[in-house]
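Chemist: First the structure, then my questions, so here it is.
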Amino acid sequence: MEAEELKVDPWMRGLLLLAGAYNLGWGFLIYVFPNSFYQWISQSEQNAPDIITWQGIGVIIFGIIYIAVALYPTTLWYLIALGIASKILGAAWFYWIVLEANGTRQYLFHLIMNDMIWVLPFAVILVRAYRVKRKKTAIIS
């Protein structure tokens, strides 16, 4: 068995580190400025519901998770699946519950840049990390 088959590609770790840093920054901005974020995304003058602050905390937590997965991708591969689910379900939750199905261009931008842009690369990383994990487990057994 080739050594290359037992490694996660360096770009995958780099992308996870980038996703971690990005989510830490974005989550921090949402947490510190929930009203500004909500008013921008909803194009309304209303103050943000309290759940927006919790959203910021959630995004920060996922930033930490992505960094951990970048360090240990074959051990924590299942957290990538959790990240994919959070991107898809979080986007749906935000649209239907928070915005009450009133999408704006700003929401579409937010959806693409903060959620959907990561789904395909995360799926590729998930499959690769799982395959490497499975091959390493087979060798050990």
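FYI, nothing fancy with the structure tokens labels: chains A, B, ... in order, residues from 1 per chain, ligands from 1 as they appear.
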I'd like the neighbourhood of region 123-139 of chain A as a list in words, where a residue qualifies if any of its atoms comes within 9 Å (using only C-alpha atoms), though same-chain residues fewer than 3 positions away should be ignored.
Modeler: Glu5, Leu6, Lys7, Val8, Asp9, Met12, Arg13, Leu16, Pro73, Thr74, Thr75, Leu76, Trp77, Tyr78, Leu79, Ile80, Ala81, Ile84, Trp118, Val119 and Leu120 of chain A
Chemist: Let's have the selection written as a short mmCIF file (atom, residue, chain, number, x, y, z; two decimals), in the first residue's frame, with C-alpha atoms.
Modeler:
```cif
data_model
loop_
_atom_site.label_atom_id
_atom_site.label_comp_id
_atom_site.auth_asym_id
_atom_site.auth_seq_id
_atom_site.Cartn_x
_atom_site.Cartn_y
_atom_site.Cartn_z
CA GLU A 5 -2.99 6.52 0.18
CA LEU A 6 -2.59 6.90 3.95
CA LYS A 7 -2.40 10.69 4.07
CA VAL A 8 -4.86 13.52 3.96
CA ASP A 9 -3.81 16.01 1.29
CA MET A 12 -7.48 19.76 2.91
CA ARG A 13 -5.82 20.71 6.18
CA LEU A 16 -10.04 23.41 7.23
CA PRO A 73 -8.61 14.79 10.18
CA THR A 74 -8.65 10.98 10.28
CA THR A 75 -9.50 10.88 13.97
CA LEU A 76 -12.17 13.59 13.91
CA TRP A 77 -13.50 12.91 10.40
CA TYR A 78 -17.09 12.61 11.67
CA LEU A 79 -17.01 16.27 12.79
CA ILE A 80 -16.71 17.25 9.13
CA ALA A 81 -20.09 15.59 8.57
CA ILE A 84 -21.77 19.93 6.55
CA TRP A 118 -17.95 25.17 2.24
CA VAL A 119 -20.30 22.22 1.63
CA LEU A 120 -18.64 20.69 -1.46
#
```
Chemist: Determine, for each residue of region 85-129 of chain A having at least one atom at most 8 Å from an atom of region 32-52 of chain A, the closest pair of atoms and their separation in Å to one decimal, counting only C-alpha atoms; order by chain and ascending number, as a Markdown table.
Modeler:
```
| residue | atom | partner | partner_atom | distance |
| --- | --- | --- | --- | --- |
| A:Leu99 | CA | A:Ser42 | CA | 6.6 |
| A:Asn102 | CA | A:Ser42 | CA | 7.9 |
| A:Gly103 | CA | A:Ser42 | CA | 7.5 |
| A:Thr104 | CA | A:Ser42 | CA | 6.5 |
| A:Gln106 | CA | A:Ile41 | CA | 5.2 |
| A:Tyr107 | CA | A:Ile41 | CA | 5.2 |
| A:His110 | CA | A:Ile41 | CA | 7.6 |
```
Chemist: Would you mind writing down, as a ChimeraX atom specification, each residue of region 6-74 of chain A that DSSP on the backbone assigns to helix (DSSP H, G or I)?
Modeler: /A:6,10-32,34-42,51-71
Chemist: Do you know which residues are at most 12 Å from Ser86 (chain A) counting only C-alpha atoms, after dropping those on the same chain fewer than 6 positions away, and could you put them as a list of chain:residue names?
Modeler: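 What passes the distance filter is A:Gln55, A:Gly58, A:Val59, A:Ile61, A:Phe62, A:Gly63, A:Ile65, A:Leu79, A:Ile80, A:Ala92, A:Trp93, A:Phe94, A:Asn114, A:Asp115, A:Met116, A:Trp118, A:Val119, A:Phe122.
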Chemist: For N, CA, C and O atoms, I'd like the residues from the last selection saved as an mmCIF file, in the first residue's frame.
Modeler:
```cif
data_model
loop_
_atom_site.group_PDB
_atom_site.id
_atom_site.type_symbol
_atom_site.label_atom_id
_atom_site.label_comp_id
_atom_site.auth_asym_id
_atom_site.auth_seq_id
_atom_site.Cartn_x
_atom_site.Cartn_y
_atom_site.Cartn_z
ATOM 1 N N GLN A 55 -26.302 32.289 17.700
ATOM 2 C CA GLN A 55 -25.783 31.886 16.395
ATOM 3 C C GLN A 55 -24.309 32.233 16.297
ATOM 4 O O GLN A 55 -23.505 31.435 15.811
ATOM 5 N N GLY A 58 -22.396 29.717 18.173
ATOM 6 C CA GLY A 58 -22.348 28.472 17.411
ATOM 7 C C GLY A 58 -21.321 28.519 16.296
ATOM 8 O O GLY A 58 -20.580 27.552 16.072
ATOM 9 N N VAL A 59 -21.245 29.632 15.591
ATOM 10 C CA VAL A 59 -20.277 29.782 14.508
ATOM 11 C C VAL A 59 -18.853 29.751 15.073
ATOM 12 O O VAL A 59 -17.961 29.130 14.494
ATOM 13 N N ILE A 61 -17.914 28.155 17.791
ATOM 14 C CA ILE A 61 -17.654 26.759 18.162
ATOM 15 C C ILE A 61 -17.274 25.935 16.934
ATOM 16 O O ILE A 61 -16.329 25.141 16.973
ATOM 17 N N PHE A 62 -17.982 26.145 15.833
ATOM 18 C CA PHE A 62 -17.626 25.407 14.624
ATOM 19 C C PHE A 62 -16.265 25.830 14.089
ATOM 20 O O PHE A 62 -15.542 25.013 13.518
ATOM 21 N N GLY A 63 -15.883 27.071 14.276
ATOM 22 C CA GLY A 63 -14.532 27.491 13.901
ATOM 23 C C GLY A 63 -13.486 26.681 14.648
ATOM 24 O O GLY A 63 -12.497 26.218 14.067
ATOM 25 N N ILE A 65 -13.971 23.728 15.955
ATOM 26 C CA ILE A 65 -14.083 22.347 15.467
ATOM 27 C C ILE A 65 -13.305 22.166 14.176
ATOM 28 O O ILE A 65 -12.572 21.183 14.008
ATOM 29 N N LEU A 79 -16.646 14.866 12.520
ATOM 30 C CA LEU A 79 -17.012 16.266 12.786
ATOM 31 C C LEU A 79 -17.150 17.069 11.494
ATOM 32 O O LEU A 79 -17.831 18.088 11.471
ATOM 33 N N ILE A 80 -16.518 16.603 10.428
ATOM 34 C CA ILE A 80 -16.708 17.252 9.128
ATOM 35 C C ILE A 80 -18.157 17.052 8.679
ATOM 36 O O ILE A 80 -18.788 17.969 8.156
ATOM 37 N N ALA A 92 -31.084 26.685 6.337
ATOM 38 C CA ALA A 92 -32.542 26.506 6.258
ATOM 39 C C ALA A 92 -33.220 27.103 7.486
ATOM 40 O O ALA A 92 -34.233 27.802 7.367
ATOM 41 N N TRP A 93 -32.667 26.830 8.665
ATOM 42 C CA TRP A 93 -33.226 27.378 9.908
ATOM 43 C C TRP A 93 -33.247 28.903 9.849
ATOM 44 O O TRP A 93 -34.255 29.530 10.165
ATOM 45 N N PHE A 94 -32.165 29.505 9.432
ATOM 46 C CA PHE A 94 -32.086 30.957 9.403
ATOM 47 C C PHE A 94 -33.130 31.542 8.456
ATOM 48 O O PHE A 94 -33.796 32.524 8.773
ATOM 49 N N ASN A 114 -21.040 32.056 3.605
ATOM 50 C CA ASN A 114 -20.834 31.497 4.942
ATOM 51 C C ASN A 114 -21.318 30.067 5.096
ATOM 52 O O ASN A 114 -20.998 29.436 6.092
ATOM 53 N N ASP A 115 -22.061 29.581 4.145
ATOM 54 C CA ASP A 115 -22.571 28.221 4.279
ATOM 55 C C ASP A 115 -22.276 27.371 3.039
ATOM 56 O O ASP A 115 -21.498 26.436 3.107
ATOM 57 N N MET A 116 -22.870 27.707 1.928
ATOM 58 C CA MET A 116 -22.821 26.821 0.773
ATOM 59 C C MET A 116 -21.428 26.690 0.150
ATOM 60 O O MET A 116 -21.099 25.641 -0.405
ATOM 61 N N TRP A 118 -18.747 26.158 1.519
ATOM 62 C CA TRP A 118 -17.949 25.167 2.239
ATOM 63 C C TRP A 118 -18.453 23.735 2.048
ATOM 64 O O TRP A 118 -17.713 22.781 2.303
ATOM 65 N N VAL A 119 -19.689 23.553 1.636
ATOM 66 C CA VAL A 119 -20.299 22.217 1.631
ATOM 67 C C VAL A 119 -19.553 21.250 0.708
ATOM 68 O O VAL A 119 -19.202 20.133 1.127
ATOM 69 N N PHE A 122 -15.968 20.439 1.962
ATOM 70 C CA PHE A 122 -16.077 19.630 3.182
ATOM 71 C C PHE A 122 -16.460 18.196 2.844
ATOM 72 O O PHE A 122 -15.969 17.252 3.465
#
```
Chemist: Quick one: residues within 9 Å of Leu17 (chain A), only C-alpha atoms, excluding same-chain residues fewer than 6 positions away - as a list in words?
Modeler: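 Final neighbour list, sorted by chain and number: Gly63, Tyr66, Ile67, Ala68, Val69, Ala70 and Leu71 of chain A.
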